[in-house]
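Asks: Handing over target-v2.cif, mmCIF, C-alpha atoms and all ligand atoms.
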```
data_run
loop_
_atom_site.label_atom_id
_atom_site.label_comp_id
_atom_site.auth_asym_id
_atom_site.auth_seq_id
_atom_site.Cartn_x
_atom_site.Cartn_y
_atom_site.Cartn_z
CA MET G 1 17.29 -99.79 81.54
CA ASN G 2 15.01 -100.55 78.59
CA THR G 3 11.27 -99.92 78.86
CA ALA G 4 10.28 -103.60 79.21
CA ASP G 5 12.69 -104.04 82.10
CA LEU G 6 11.47 -100.83 83.73
CA MET G 7 7.90 -102.03 83.38
CA LEU G 8 8.75 -105.38 84.91
CA GLN G 9 10.54 -103.71 87.78
CA LYS G 10 7.54 -101.48 88.45
CA LEU G 11 5.13 -104.42 88.31
CA ASN G 12 7.32 -106.48 90.63
CA ASN G 13 7.51 -103.61 93.11
CA ARG G 14 3.94 -102.37 92.85
CA LYS G 15 1.86 -102.01 95.95
CA HIS G 16 -0.93 -104.56 95.84
CA ASN G 17 -4.50 -103.12 95.89
CA TYR G 18 -3.18 -99.80 94.55
CA SER G 19 -3.62 -98.23 91.14
CA LEU G 20 -0.66 -98.37 88.78
CA ASP G 21 2.24 -95.97 88.37
CA ARG G 22 1.63 -92.98 86.10
CA GLU G 23 3.67 -94.35 83.18
CA PHE G 24 1.21 -97.23 82.71
CA TYR G 25 -1.51 -94.73 81.86
CA ILE G 26 0.32 -92.15 79.79
CA ASP G 27 3.70 -93.29 78.48
CA PRO G 28 3.91 -94.08 74.72
CA ASP G 29 6.61 -96.74 75.25
CA PHE G 30 4.59 -98.48 77.96
CA TYR G 31 1.58 -98.34 75.65
CA LYS G 32 3.56 -99.94 72.82
CA ILE G 33 4.52 -102.80 75.12
CA ASP G 34 0.87 -103.22 76.17
CA LEU G 35 0.00 -103.56 72.49
CA GLU G 36 2.72 -106.08 71.77
CA THR G 37 2.24 -108.10 74.92
CA ILE G 38 -1.55 -108.17 75.22
CA TRP G 39 -3.43 -106.73 72.27
CA TYR G 40 -1.36 -108.43 69.57
CA ARG G 41 -1.47 -111.76 71.38
CA ASP G 42 -4.97 -112.23 72.76
CA TRP G 43 -8.34 -112.93 71.24
CA ILE G 44 -10.13 -109.69 70.42
CA PHE G 45 -13.90 -109.28 70.03
CA ALA G 46 -14.46 -108.08 66.45
CA GLY G 47 -18.23 -107.91 66.06
CA HIS G 48 -21.37 -109.99 65.62
CA ASP G 49 -22.28 -112.61 62.99
CA ILE G 50 -25.38 -110.65 62.13
CA GLU G 51 -23.35 -107.62 61.11
CA ILE G 52 -22.00 -109.55 58.13
CA PRO G 53 -24.89 -111.88 57.30
CA GLU G 54 -24.36 -112.32 53.56
CA PRO G 55 -21.46 -113.65 51.47
CA GLY G 56 -19.27 -110.71 50.49
CA ASN G 57 -20.01 -108.72 53.66
CA PHE G 58 -17.05 -107.48 55.64
CA LEU G 59 -16.26 -105.55 58.78
CA THR G 60 -12.98 -103.96 59.79
CA LEU G 61 -11.40 -103.11 63.09
CA GLN G 62 -8.21 -101.46 64.21
CA ILE G 63 -6.10 -103.35 66.77
CA GLY G 64 -3.32 -100.95 67.65
CA GLU G 65 -1.36 -100.47 64.43
CA TYR G 66 -3.08 -103.35 62.66
CA SER G 67 -6.16 -102.98 60.51
CA VAL G 68 -8.02 -106.28 60.27
CA MET G 69 -10.85 -107.24 57.94
CA VAL G 70 -13.32 -109.99 58.77
CA VAL G 71 -15.26 -111.30 55.78
CA ARG G 72 -18.16 -113.68 55.20
CA ASP G 73 -16.87 -115.66 52.24
CA ASN G 74 -18.86 -117.18 49.40
CA ASN G 75 -19.39 -120.37 51.43
CA GLY G 76 -20.81 -118.37 54.33
CA GLU G 77 -17.66 -118.94 56.43
CA PHE G 78 -15.87 -116.26 58.41
CA LYS G 79 -12.32 -115.45 57.33
CA ALA G 80 -10.04 -112.69 58.58
CA TYR G 81 -7.02 -111.03 56.96
CA HIS G 82 -4.70 -108.14 57.55
CA ASN G 83 -6.21 -105.20 55.74
CA THR G 84 -3.10 -104.27 53.77
CA CYS G 85 -2.63 -104.98 50.09
CA ARG G 86 0.33 -107.14 49.07
CA HIS G 87 1.07 -104.72 46.19
CA ARG G 88 1.98 -101.40 47.82
CA GLY G 89 0.09 -101.76 51.02
CA SER G 90 -3.15 -99.84 50.57
CA LYS G 91 -6.03 -100.68 52.82
CA ILE G 92 -8.42 -102.89 50.88
CA CYS G 93 -11.62 -102.48 52.89
CA LEU G 94 -11.96 -98.78 53.59
CA THR G 95 -15.07 -98.66 55.77
CA ASP G 96 -16.18 -100.16 59.10
CA LYS G 97 -18.64 -102.38 57.27
CA GLY G 98 -19.49 -103.06 53.67
CA THR G 99 -19.96 -105.55 50.86
CA GLY G 100 -17.52 -106.77 48.25
CA ALA G 101 -18.49 -108.37 44.96
CA GLY G 102 -17.41 -111.93 45.69
CA LYS G 103 -13.70 -110.99 45.82
CA LEU G 104 -11.60 -108.55 47.77
CA VAL G 105 -10.47 -105.86 45.34
CA CYS G 106 -7.87 -103.30 46.35
CA PRO G 107 -9.17 -99.84 45.42
CA TYR G 108 -5.71 -98.58 44.40
CA HIS G 109 -4.66 -100.79 41.42
CA GLN G 110 -7.34 -103.48 41.67
CA TRP G 111 -5.25 -106.39 42.80
CA THR G 112 -7.91 -108.95 43.56
CA TYR G 113 -7.98 -111.64 46.24
CA ASN G 114 -10.17 -114.63 47.03
CA MET G 115 -12.27 -114.19 50.15
CA GLU G 116 -12.00 -117.91 50.93
CA ASP G 117 -8.22 -118.25 51.15
CA GLY G 118 -6.78 -114.77 50.59
CA LYS G 119 -5.03 -115.90 47.37
CA LEU G 120 -4.10 -113.21 44.89
CA VAL G 121 -6.03 -114.05 41.71
CA TYR G 122 -5.60 -110.92 39.57
CA ALA G 123 -2.78 -108.41 39.26
CA ARG G 124 -2.75 -106.49 35.99
CA GLY G 125 0.47 -105.64 34.17
CA MET G 126 2.96 -107.70 36.15
CA THR G 127 5.81 -109.54 34.43
CA PRO G 128 5.43 -113.23 33.50
CA GLU G 129 7.87 -114.12 36.30
CA PHE G 130 5.67 -112.51 38.93
CA ASN G 131 4.43 -115.20 41.28
CA LYS G 132 0.92 -114.51 42.48
CA SER G 133 1.07 -117.35 44.96
CA GLU G 134 3.68 -115.42 46.97
CA HIS G 135 1.44 -112.40 47.37
CA GLY G 136 -1.68 -113.66 49.10
CA LEU G 137 -3.29 -111.75 51.95
CA LYS G 138 -1.86 -112.39 55.38
CA PRO G 139 -4.37 -114.39 57.40
CA VAL G 140 -5.66 -113.58 60.88
CA HIS G 141 -7.11 -116.22 63.19
CA VAL G 142 -10.87 -116.03 63.52
CA GLU G 143 -13.46 -117.87 65.64
CA ALA G 144 -17.22 -117.44 65.88
CA ARG G 145 -19.45 -118.60 68.73
CA ALA G 146 -23.07 -117.89 69.64
CA GLY G 147 -23.27 -114.73 67.56
CA TYR G 148 -19.87 -113.24 68.42
CA ILE G 149 -16.76 -113.12 66.20
CA TRP G 150 -13.27 -113.08 67.73
CA VAL G 151 -9.93 -112.52 66.01
CA CYS G 152 -6.32 -112.93 67.06
CA ILE G 153 -3.39 -111.54 65.12
CA ALA G 154 -0.72 -113.55 66.92
CA GLU G 155 1.08 -116.18 64.89
CA GLU G 156 0.24 -118.69 67.63
CA PRO G 157 -3.06 -117.69 69.25
CA PRO G 158 -3.91 -118.71 72.80
CA ASP G 159 -6.30 -121.64 73.15
CA PHE G 160 -9.85 -120.63 72.21
CA LYS G 161 -11.61 -123.96 72.79
CA GLU G 162 -12.31 -123.63 76.49
CA PHE G 163 -13.56 -120.05 76.31
CA GLY G 164 -15.49 -120.80 73.10
CA ALA G 165 -17.33 -123.73 74.69
CA LEU G 166 -18.19 -121.70 77.78
CA PHE G 167 -19.37 -118.80 75.65
CA GLU G 168 -21.63 -121.11 73.65
CA ASN G 169 -22.96 -122.59 76.88
CA TYR G 170 -23.76 -119.28 78.62
CA PHE G 171 -24.71 -117.07 75.67
CA GLY G 172 -26.10 -119.73 73.29
CA PRO G 173 -29.54 -119.71 75.00
CA HIS G 174 -29.81 -115.97 74.35
CA ASP G 175 -30.05 -116.83 70.66
CA LEU G 176 -28.04 -113.85 69.50
CA ARG G 177 -27.66 -115.24 65.98
CA ASN G 178 -31.34 -114.49 65.51
CA THR G 179 -31.04 -110.84 66.34
CA LYS G 180 -30.26 -107.61 64.55
CA VAL G 181 -28.18 -104.63 65.62
CA ALA G 182 -30.88 -102.13 66.50
CA MET G 183 -28.43 -99.47 67.59
CA GLU G 184 -24.67 -98.95 67.55
CA SER G 185 -22.63 -96.19 69.12
CA THR G 186 -18.89 -95.53 69.04
CA ILE G 187 -17.31 -93.01 71.37
CA ILE G 188 -13.74 -92.01 72.10
CA GLU G 189 -12.71 -92.04 75.72
CA ASN G 190 -9.80 -89.74 76.53
CA GLY G 191 -7.99 -92.18 78.76
CA ASN G 192 -5.73 -95.21 78.59
CA TRP G 193 -7.52 -98.52 77.93
CA LYS G 194 -6.74 -99.71 81.45
CA LEU G 195 -8.59 -96.72 82.93
CA VAL G 196 -11.62 -97.71 80.86
CA TRP G 197 -11.47 -101.18 82.39
CA GLU G 198 -10.85 -100.01 85.94
CA ASN G 199 -13.88 -97.78 85.64
CA ASN G 200 -15.95 -100.62 84.24
CA ARG G 201 -15.05 -103.04 86.98
CA GLU G 202 -16.48 -101.11 89.90
CA CYS G 203 -19.77 -99.50 90.79
CA TYR G 204 -18.27 -97.35 93.55
CA HIS G 205 -18.85 -94.42 91.20
CA CYS G 206 -22.39 -95.38 90.19
CA ARG G 207 -24.41 -93.54 92.83
CA ALA G 208 -22.89 -90.16 92.03
CA ASN G 209 -22.66 -90.62 88.27
CA HIS G 210 -25.21 -93.12 86.96
CA PRO G 211 -28.69 -92.21 88.19
CA GLU G 212 -30.14 -93.97 85.12
CA LEU G 213 -28.27 -97.25 85.56
CA ILE G 214 -28.87 -97.70 89.27
CA LEU G 215 -32.62 -97.64 88.71
CA THR G 216 -32.19 -101.28 87.67
CA PHE G 217 -28.59 -102.42 88.25
CA PRO G 218 -27.67 -103.36 91.84
CA GLU G 219 -24.73 -101.16 92.84
CA ASP G 220 -24.25 -102.91 96.16
CA PRO G 221 -21.13 -105.08 95.76
CA ALA G 222 -22.76 -107.59 98.10
CA ALA G 223 -25.43 -108.16 95.43
CA THR G 224 -23.14 -108.74 92.48
CA GLY G 225 -20.09 -109.94 94.36
CA VAL G 226 -19.65 -113.65 94.75
CA GLU G 227 -17.20 -113.93 97.57
CA GLY G 228 -18.61 -115.75 100.57
CA MET G 229 -21.52 -117.07 98.50
CA THR G 230 -23.68 -119.49 100.47
CA PRO G 231 -26.24 -121.88 98.98
CA ASP G 232 -29.10 -119.84 100.45
CA SER G 233 -27.77 -116.45 99.33
CA PRO G 234 -30.03 -114.49 96.95
CA MET G 235 -27.52 -114.82 94.11
CA ALA G 236 -27.20 -118.59 94.51
CA LYS G 237 -30.99 -118.87 94.48
CA HIS G 238 -31.11 -116.72 91.36
CA TRP G 239 -28.67 -119.02 89.56
CA GLU G 240 -30.63 -122.07 90.63
CA TYR G 241 -33.84 -120.56 89.29
CA CYS G 242 -32.30 -119.51 85.96
CA GLU G 243 -30.59 -122.85 85.50
CA SER G 244 -33.95 -124.57 86.02
CA LEU G 245 -35.10 -122.60 82.95
CA GLY G 246 -32.19 -123.99 80.95
CA LEU G 247 -30.04 -120.87 81.28
CA PRO G 248 -26.53 -121.59 82.55
CA SER G 249 -25.86 -118.89 85.11
CA LYS G 250 -23.32 -119.82 87.75
CA PHE G 251 -20.26 -117.69 88.26
CA HIS G 252 -17.25 -118.96 86.34
CA ILE G 253 -13.92 -117.22 86.21
CA SER G 254 -10.97 -118.46 84.15
CA GLU G 255 -7.94 -119.67 86.04
CA ASP G 256 -5.87 -116.69 84.90
CA GLY G 257 -8.69 -114.20 85.59
CA GLN G 258 -8.98 -113.10 81.95
CA TYR G 259 -12.71 -113.71 81.67
CA ARG G 260 -15.71 -114.23 83.88
CA PHE G 261 -19.28 -115.38 83.30
CA ASN G 262 -21.91 -114.54 85.89
CA ARG G 263 -25.66 -114.01 85.71
CA THR G 264 -26.76 -111.32 88.11
CA PHE G 265 -30.27 -110.40 89.18
CA LEU G 266 -31.46 -106.85 88.68
CA LEU G 267 -33.22 -104.71 91.29
CA PRO G 268 -36.64 -106.03 92.36
CA GLY G 269 -39.18 -105.72 89.56
CA ALA G 270 -36.57 -104.77 86.95
CA GLN G 271 -36.27 -106.82 83.76
CA SER G 272 -34.02 -104.68 81.62
CA TYR G 273 -31.87 -101.54 81.62
CA THR G 274 -34.63 -99.02 81.04
CA MET G 275 -35.82 -96.02 83.01
CA ASP G 276 -38.83 -97.96 84.33
CA GLY G 277 -37.19 -101.38 84.43
CA GLN G 278 -39.66 -102.84 81.93
CA PRO G 279 -38.34 -104.47 78.75
CA ALA G 280 -37.24 -102.14 75.98
CA CYS G 281 -38.31 -104.65 73.36
CA ARG G 282 -41.58 -106.55 73.49
CA MET G 283 -40.15 -109.58 71.74
CA PRO G 284 -37.99 -111.77 74.02
CA LEU G 285 -34.77 -113.17 72.61
CA ASN G 286 -35.53 -116.65 73.82
CA PRO G 287 -38.87 -118.19 74.77
CA ARG G 288 -37.24 -119.88 77.77
CA ALA G 289 -36.29 -116.54 79.23
CA THR G 290 -38.70 -115.09 81.76
CA LYS G 291 -38.99 -111.56 83.03
CA ASP G 292 -36.74 -112.05 86.03
CA ILE G 293 -33.61 -113.69 84.60
CA GLY G 294 -31.56 -110.56 85.24
CA SER G 295 -28.46 -110.08 83.15
CA MET G 296 -25.93 -112.58 81.86
CA LEU G 297 -22.59 -110.84 82.34
CA LEU G 298 -19.31 -111.56 80.65
CA PHE G 299 -16.08 -109.64 80.74
CA HIS G 300 -13.16 -110.76 78.60
CA TYR G 301 -9.94 -108.78 78.93
CA PRO G 302 -8.77 -106.74 77.18
CA THR G 303 -11.62 -106.16 74.81
CA SER G 304 -15.21 -106.76 75.86
CA TRP G 305 -17.92 -106.68 78.48
CA ASN G 306 -21.45 -107.85 77.77
CA HIS G 307 -25.00 -108.12 79.04
CA GLY G 308 -27.56 -110.71 77.99
CA LEU G 309 -31.09 -109.72 79.05
CA VAL G 310 -34.55 -111.06 78.44
CA ASP G 311 -35.22 -108.58 75.62
CA GLN G 312 -31.80 -107.55 74.33
CA GLY G 313 -28.10 -108.20 74.19
CA VAL G 314 -25.67 -105.34 74.78
CA SER G 315 -22.04 -105.76 73.77
CA PHE G 316 -19.19 -103.38 74.47
CA ARG G 317 -15.95 -103.49 72.47
CA VAL G 318 -12.85 -101.74 73.78
CA LEU G 319 -10.01 -100.91 71.37
CA PRO G 320 -6.92 -98.86 72.21
CA LEU G 321 -6.19 -95.86 69.99
CA SER G 322 -3.21 -94.24 71.74
CA PRO G 323 -1.67 -94.12 75.23
CA THR G 324 -4.46 -91.76 76.25
CA GLN G 325 -7.34 -92.63 73.92
CA THR G 326 -9.65 -95.62 73.77
CA GLN G 327 -12.50 -96.43 71.45
CA LEU G 328 -15.69 -97.90 72.90
CA THR G 329 -18.31 -99.41 70.61
CA THR G 330 -21.68 -100.38 72.09
CA ARG G 331 -24.19 -102.48 70.19
CA TRP G 332 -27.77 -103.21 71.19
CA LEU G 333 -29.22 -106.43 69.74
CA VAL G 334 -32.92 -107.23 69.59
CA HIS G 335 -34.85 -110.12 68.04
CA LYS G 336 -34.51 -110.02 64.26
CA ASP G 337 -38.30 -109.88 63.80
CA ALA G 338 -38.86 -107.05 66.27
CA VAL G 339 -40.40 -104.05 64.54
CA LEU G 340 -39.03 -100.59 65.18
CA GLY G 341 -41.75 -98.29 66.50
CA GLU G 342 -44.00 -101.21 67.41
CA ASP G 343 -41.88 -103.57 69.51
CA TYR G 344 -39.13 -101.13 70.49
CA THR G 345 -37.86 -97.62 70.09
CA ILE G 346 -34.22 -96.66 69.82
CA ASN G 347 -34.51 -94.13 72.62
CA ARG G 348 -35.99 -96.55 75.12
CA LEU G 349 -33.57 -99.30 74.13
CA SER G 350 -30.42 -97.24 74.42
CA GLU G 351 -31.05 -94.27 76.69
CA VAL G 352 -29.69 -95.85 79.89
CA TRP G 353 -26.39 -96.97 78.36
CA ILE G 354 -26.02 -93.82 76.25
CA ALA G 355 -26.29 -91.77 79.46
CA THR G 356 -24.06 -94.22 81.34
CA ASN G 357 -21.41 -94.25 78.60
CA ASN G 358 -21.44 -90.45 78.46
CA ALA G 359 -20.96 -90.17 82.21
CA ASP G 360 -18.15 -92.75 82.04
CA ARG G 361 -16.52 -90.82 79.21
CA ARG G 362 -16.42 -87.72 81.42
CA ILE G 363 -15.19 -89.64 84.48
CA ILE G 364 -12.41 -91.35 82.52
CA GLN G 365 -11.32 -88.09 80.93
CA ASP G 366 -11.12 -86.41 84.35
CA ASN G 367 -9.32 -89.42 85.82
CA ALA G 368 -6.79 -89.41 82.97
CA ALA G 369 -6.28 -85.64 83.23
CA GLY G 370 -5.50 -85.95 86.93
CA ILE G 371 -3.02 -88.74 86.28
CA MET G 372 -1.20 -86.45 83.80
CA SER G 373 -0.03 -84.44 86.79
CA PRO G 374 3.40 -85.43 88.11
CA ALA G 375 1.83 -85.05 91.56
CA TYR G 376 -0.21 -88.23 90.91
CA LYS G 377 0.75 -91.23 93.01
CA PRO G 378 -0.94 -94.65 92.90
CA GLY G 379 -3.90 -94.66 95.30
CA PRO G 380 -5.57 -97.44 97.29
CA TYR G 381 -8.63 -99.24 95.92
CA SER G 382 -11.55 -99.82 98.27
CA VAL G 383 -11.31 -103.54 98.94
CA GLU G 384 -15.03 -103.62 99.64
CA GLN G 385 -16.15 -101.57 96.63
CA GLU G 386 -13.39 -102.00 94.05
CA SER G 387 -12.50 -105.68 94.15
CA GLY G 388 -13.12 -105.74 90.38
CA CYS G 389 -10.37 -103.15 89.81
CA ILE G 390 -8.04 -105.13 91.99
CA GLN G 391 -8.84 -108.25 89.99
CA PHE G 392 -8.28 -106.44 86.67
CA VAL G 393 -4.98 -104.89 87.69
CA ASP G 394 -3.82 -108.22 89.11
CA TRP G 395 -4.67 -109.91 85.81
CA TYR G 396 -2.86 -107.20 83.86
CA SER G 397 0.17 -107.29 86.10
CA ASP G 398 0.42 -111.10 86.19
CA THR G 399 -0.07 -111.37 82.43
CA MET G 400 2.57 -108.74 81.69
CA LYS G 401 5.02 -110.24 84.14
CA THR G 402 4.60 -113.74 82.75
CA ARG G 403 4.86 -112.66 79.14
CA LEU G 404 7.59 -110.07 79.56
CA GLY G 405 9.53 -112.44 81.77
CA SER G 406 9.59 -114.93 78.94
CA SER G 407 9.53 -112.37 76.18
CA LYS G 408 12.96 -113.29 75.23
CA SER G 409 10.83 -116.07 73.65
CA ALA G 410 10.08 -113.53 70.98
CA ALA G 411 8.47 -116.14 68.75
CA LYS G 412 5.29 -115.91 70.78
CA LEU G 413 5.21 -112.16 70.35
CA ARG G 414 5.41 -112.45 66.59
CA VAL G 415 2.36 -111.36 64.73
CA ALA G 416 1.13 -113.46 61.85
S1 LIG G 501 -1.75 -101.06 46.60
FE1 LIG G 501 -3.31 -102.51 46.28
S2 LIG G 501 -3.36 -102.80 44.17
FE2 LIG G 501 -1.76 -101.38 44.47
FE FE G 502 -19.62 -96.15 85.01
#
```
Rewrite the structure from the file as structure tokens, please.
Replies:
Amino acid sequence: MNTADLMLQKLNNRKHNYSLDREFYIDPDFYKIDLETIWYRDWIFAGHDIEIPEPGNFLTLQIGEYSVMVVRDNNGEFKAYHNTCRHRGSKICLTDKGTGAGKLVCPYHQWTYNMEDGKLVYARGMTPEFNKSEHGLKPVHVEARAGYIWVCIAEEPPDFKEFGALFENYFGPHDLRNTKVAMESTIIENGNWKLVWENNRECYHCRANHPELILTFPEDPAATGVEGMTPDSPMAKHWEYCESLGLPSKFHISEDGQYRFNRTFLLPGAQSYTMDGQPACRMPLNPRATKDIGSMLLFHYPTSWNHGLVDQGVSFRVLPLSPTQTQLTTRWLVHKDAVLGEDYTINRLSEVWIATNNADRRIIQDNAAGIMSPAYKPGPYSVEQESGCIQFVDWYSDTMKTRLGSSKSAAKLRVA
């Protein structure tokens, strides 16, 4: 039986509300199919507009085997290309972020490409028959909304319009285009990307592991859960209040479960994720926002979860590195005019999530190490406490089954 068929068989036979079989977390062939079936087909969060504010700026990211560069071209537009030269394949942009001089120049033999359309415009020493027009950069789909940039390397990307409009609606009022990245951290988690998500989607582990986060974030699933919501429930009242301020807030989950928007309140008196619950930055992101708007939450599988607060935005980008390694990049955004040392300090802004990320790194590493044992068997999720894990694994399983079931339609799997 080939690996895709084995995977399908395991997904069809899996016990609902249980974690996945061991192979899903450790096996290199299963990982490769995850990449091909999800990561190379879906929209991936690349970074923020404000990270590449000027023409010539670029950022790069690694999606499985693919290096992608996102550039701000000379017209101020975002363009994305595969970061591999059409001469002998060198990477062109060598750093996470940087600035080119109006063109993309390969560092190896200086083949030079337009930022606007990827066309090869200079290649020294080639024969007169050499056709530059056949050696342009390979494009990658790119979309930008409300301060976030998304890329998709599939030849035919999934629809972006619906998600893009919702993102603009929910995150637009947080005015993230008028921010700056005050702090960025990248850590490597020693666990499969799905373990990172399972850990993210529950707060069952918060009490024992996140003393800093639960000072402000409600760990009670009844507070952040939305099942059985009644019009007079505290969450419904919170949405009503925030919407009256012009901040769309109501829970919205996509039909296939891939993404969810939901504004949650924080614990009484808390305005932000700080040790005392007070804002970390004195300058609010949006004048409409008041101290008790809580946090605008978004998860978008497989690559991002986010918080929009009165004083900051916090984005998390998940990228898979290997069957048992995942990269997590966290960025803290504050108003572009906020002054370091006067309006905010890096420590106050980031200490809760730095501590939380570190604890999660340890938890995920221990979880992954335990799963390495052949004695591991899938275990039951707490339906009360881990409904988010159940939802994530259901999304993963349904997505894989649908796509693998029709994967004989290999055209859709083709990368641009
Ligand atoms: S590999 Fe890029 S110019 Fe030679
Ligand atoms: Fe955690």
Asks: Which residues form the shell of 12 Å around ligand LIG 501 (chain G) when you count only C-alpha atoms and all ligand atoms, given as number ranges by chain?
Replies: G: 83-94, 104-113, 120-126, 135-137
Asks: Mind pulling up the distance from atom CA of G:His205 to atom CA of G:Glu384?
Replies: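 Answer for the atom CA of G:Glu384 to atom CA of G:His205 separation: 13.1 Å.
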Asks: Which one is closest to ligand FE 502 (chain G): G:Glu189, G:Asp337, G:Asp360, G:Asp292? Count only C-alpha atoms and all ligand atoms.
Replies: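 Result for the nearest residue to ligand FE 502 (chain G): G:Asp360.
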Asks: Taking only C-alpha atoms and all ligand atoms into account, list the residues no farther than 8 Å from ligand FE 502 (chain G), as number ranges by chain.
Replies: G: 199-200, 202-203, 205-206, 209-210, 356-357, 359-360, 363
Asks: With C-alpha atoms retained, export the selected residues as an mmCIF file, in the coordinates of the input.
Replies:
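Listing of out-v9.cif after writing:
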```
data_model
loop_
_atom_site.group_PDB
_atom_site.id
_atom_site.type_symbol
_atom_site.label_atom_id
_atom_site.label_comp_id
_atom_site.auth_asym_id
_atom_site.auth_seq_id
_atom_site.Cartn_x
_atom_site.Cartn_y
_atom_site.Cartn_z
ATOM 1 C CA ASN G 199 -13.880 -97.780 85.640
ATOM 2 C CA ASN G 200 -15.950 -100.620 84.240
ATOM 3 C CA GLU G 202 -16.480 -101.110 89.900
ATOM 4 C CA CYS G 203 -19.770 -99.500 90.790
ATOM 5 C CA HIS G 205 -18.850 -94.420 91.200
ATOM 6 C CA CYS G 206 -22.390 -95.380 90.190
ATOM 7 C CA ASN G 209 -22.660 -90.620 88.270
ATOM 8 C CA HIS G 210 -25.210 -93.120 86.960
ATOM 9 C CA THR G 356 -24.060 -94.220 81.340
ATOM 10 C CA ASN G 357 -21.410 -94.250 78.600
ATOM 11 C CA ALA G 359 -20.960 -90.170 82.210
ATOM 12 C CA ASP G 360 -18.150 -92.750 82.040
ATOM 13 C CA ILE G 363 -15.190 -89.640 84.480
#
```
Asks: If you count only C-alpha atoms, which residues fall within 9 Å of G:Ser315, apart from same-chain ones fewer than 4 positions away, as a list in words?
Replies: Gly47, Ser304, Trp305, Asn306, His307, Gly308, Thr329, Thr330, Arg331, Trp332 and Leu333 of chain G
Asks: Do you know which residues are at most 12 Å from G:His335 counting all atoms listed in the file, after dropping those on the same chain fewer than 4 positions away, and could you put them as a list in words?
Replies: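 That gives Ile50, His174, Asp175, Leu176, Arg177, Asn178, Thr179, Lys180, Val181, Ala182, Ala280, Cys281, Arg282, Met283, Pro284, Leu285, Asn286, Pro287, Leu309, Val310, Asp311, Gln312, Gly313, Val339, Leu340, Asp343 and Tyr344 of chain G.
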Asks: Restricting the output to C-alpha atoms, write the selected residues as an mmCIF file, in the frame of the given file.
Replies:
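Output contents, as saved in out.cif:
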```cif
data_model
loop_
_atom_site.group_PDB
_atom_site.id
_atom_site.type_symbol
_atom_site.label_atom_id
_atom_site.label_comp_id
_atom_site.auth_asym_id
_atom_site.auth_seq_id
_atom_site.Cartn_x
_atom_site.Cartn_y
_atom_site.Cartn_z
ATOM 1 C CA ILE G 50 -25.380 -110.650 62.130
ATOM 2 C CA HIS G 174 -29.810 -115.970 74.350
ATOM 3 C CA ASP G 175 -30.050 -116.830 70.660
ATOM 4 C CA LEU G 176 -28.040 -113.850 69.500
ATOM 5 C CA ARG G 177 -27.660 -115.240 65.980
ATOM 6 C CA ASN G 178 -31.340 -114.490 65.510
ATOM 7 C CA THR G 179 -31.040 -110.840 66.340
ATOM 8 C CA LYS G 180 -30.260 -107.610 64.550
ATOM 9 C CA VAL G 181 -28.180 -104.630 65.620
ATOM 10 C CA ALA G 182 -30.880 -102.130 66.500
ATOM 11 C CA ALA G 280 -37.240 -102.140 75.980
ATOM 12 C CA CYS G 281 -38.310 -104.650 73.360
ATOM 13 C CA ARG G 282 -41.580 -106.550 73.490
ATOM 14 C CA MET G 283 -40.150 -109.580 71.740
ATOM 15 C CA PRO G 284 -37.990 -111.770 74.020
ATOM 16 C CA LEU G 285 -34.770 -113.170 72.610
ATOM 17 C CA ASN G 286 -35.530 -116.650 73.820
ATOM 18 C CA PRO G 287 -38.870 -118.190 74.770
ATOM 19 C CA LEU G 309 -31.090 -109.720 79.050
ATOM 20 C CA VAL G 310 -34.550 -111.060 78.440
ATOM 21 C CA ASP G 311 -35.220 -108.580 75.620
ATOM 22 C CA GLN G 312 -31.800 -107.550 74.330
ATOM 23 C CA GLY G 313 -28.100 -108.200 74.190
ATOM 24 C CA VAL G 339 -40.400 -104.050 64.540
ATOM 25 C CA LEU G 340 -39.030 -100.590 65.180
ATOM 26 C CA ASP G 343 -41.880 -103.570 69.510
ATOM 27 C CA TYR G 344 -39.130 -101.130 70.490
#
```
Asks: Name the closest residue to G:Ile26 among the candidates G:Trp353, G:Trp150, G:Trp193, G:Trp239; distances are taken between atoms, counting all atoms listed in the file.
Replies: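 Closest to G:Ile26, using all atoms listed in the file: G:Trp193.
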Asks: Using Å and a single decimal, report how far atom CA of G:Trp197 sits from atom CA of G:Val68.
Replies: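 So the answer is 23.0 Å.
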Asks: From the set G:Phe217, G:Gln62, G:Asp394, G:Pro279, which residue has the shortest atom-to-atom contact distance to G:Gln327, counting only C-alpha atoms?
Replies: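 That would be G:Gln62, the residue with the smallest distance to G:Gln327.
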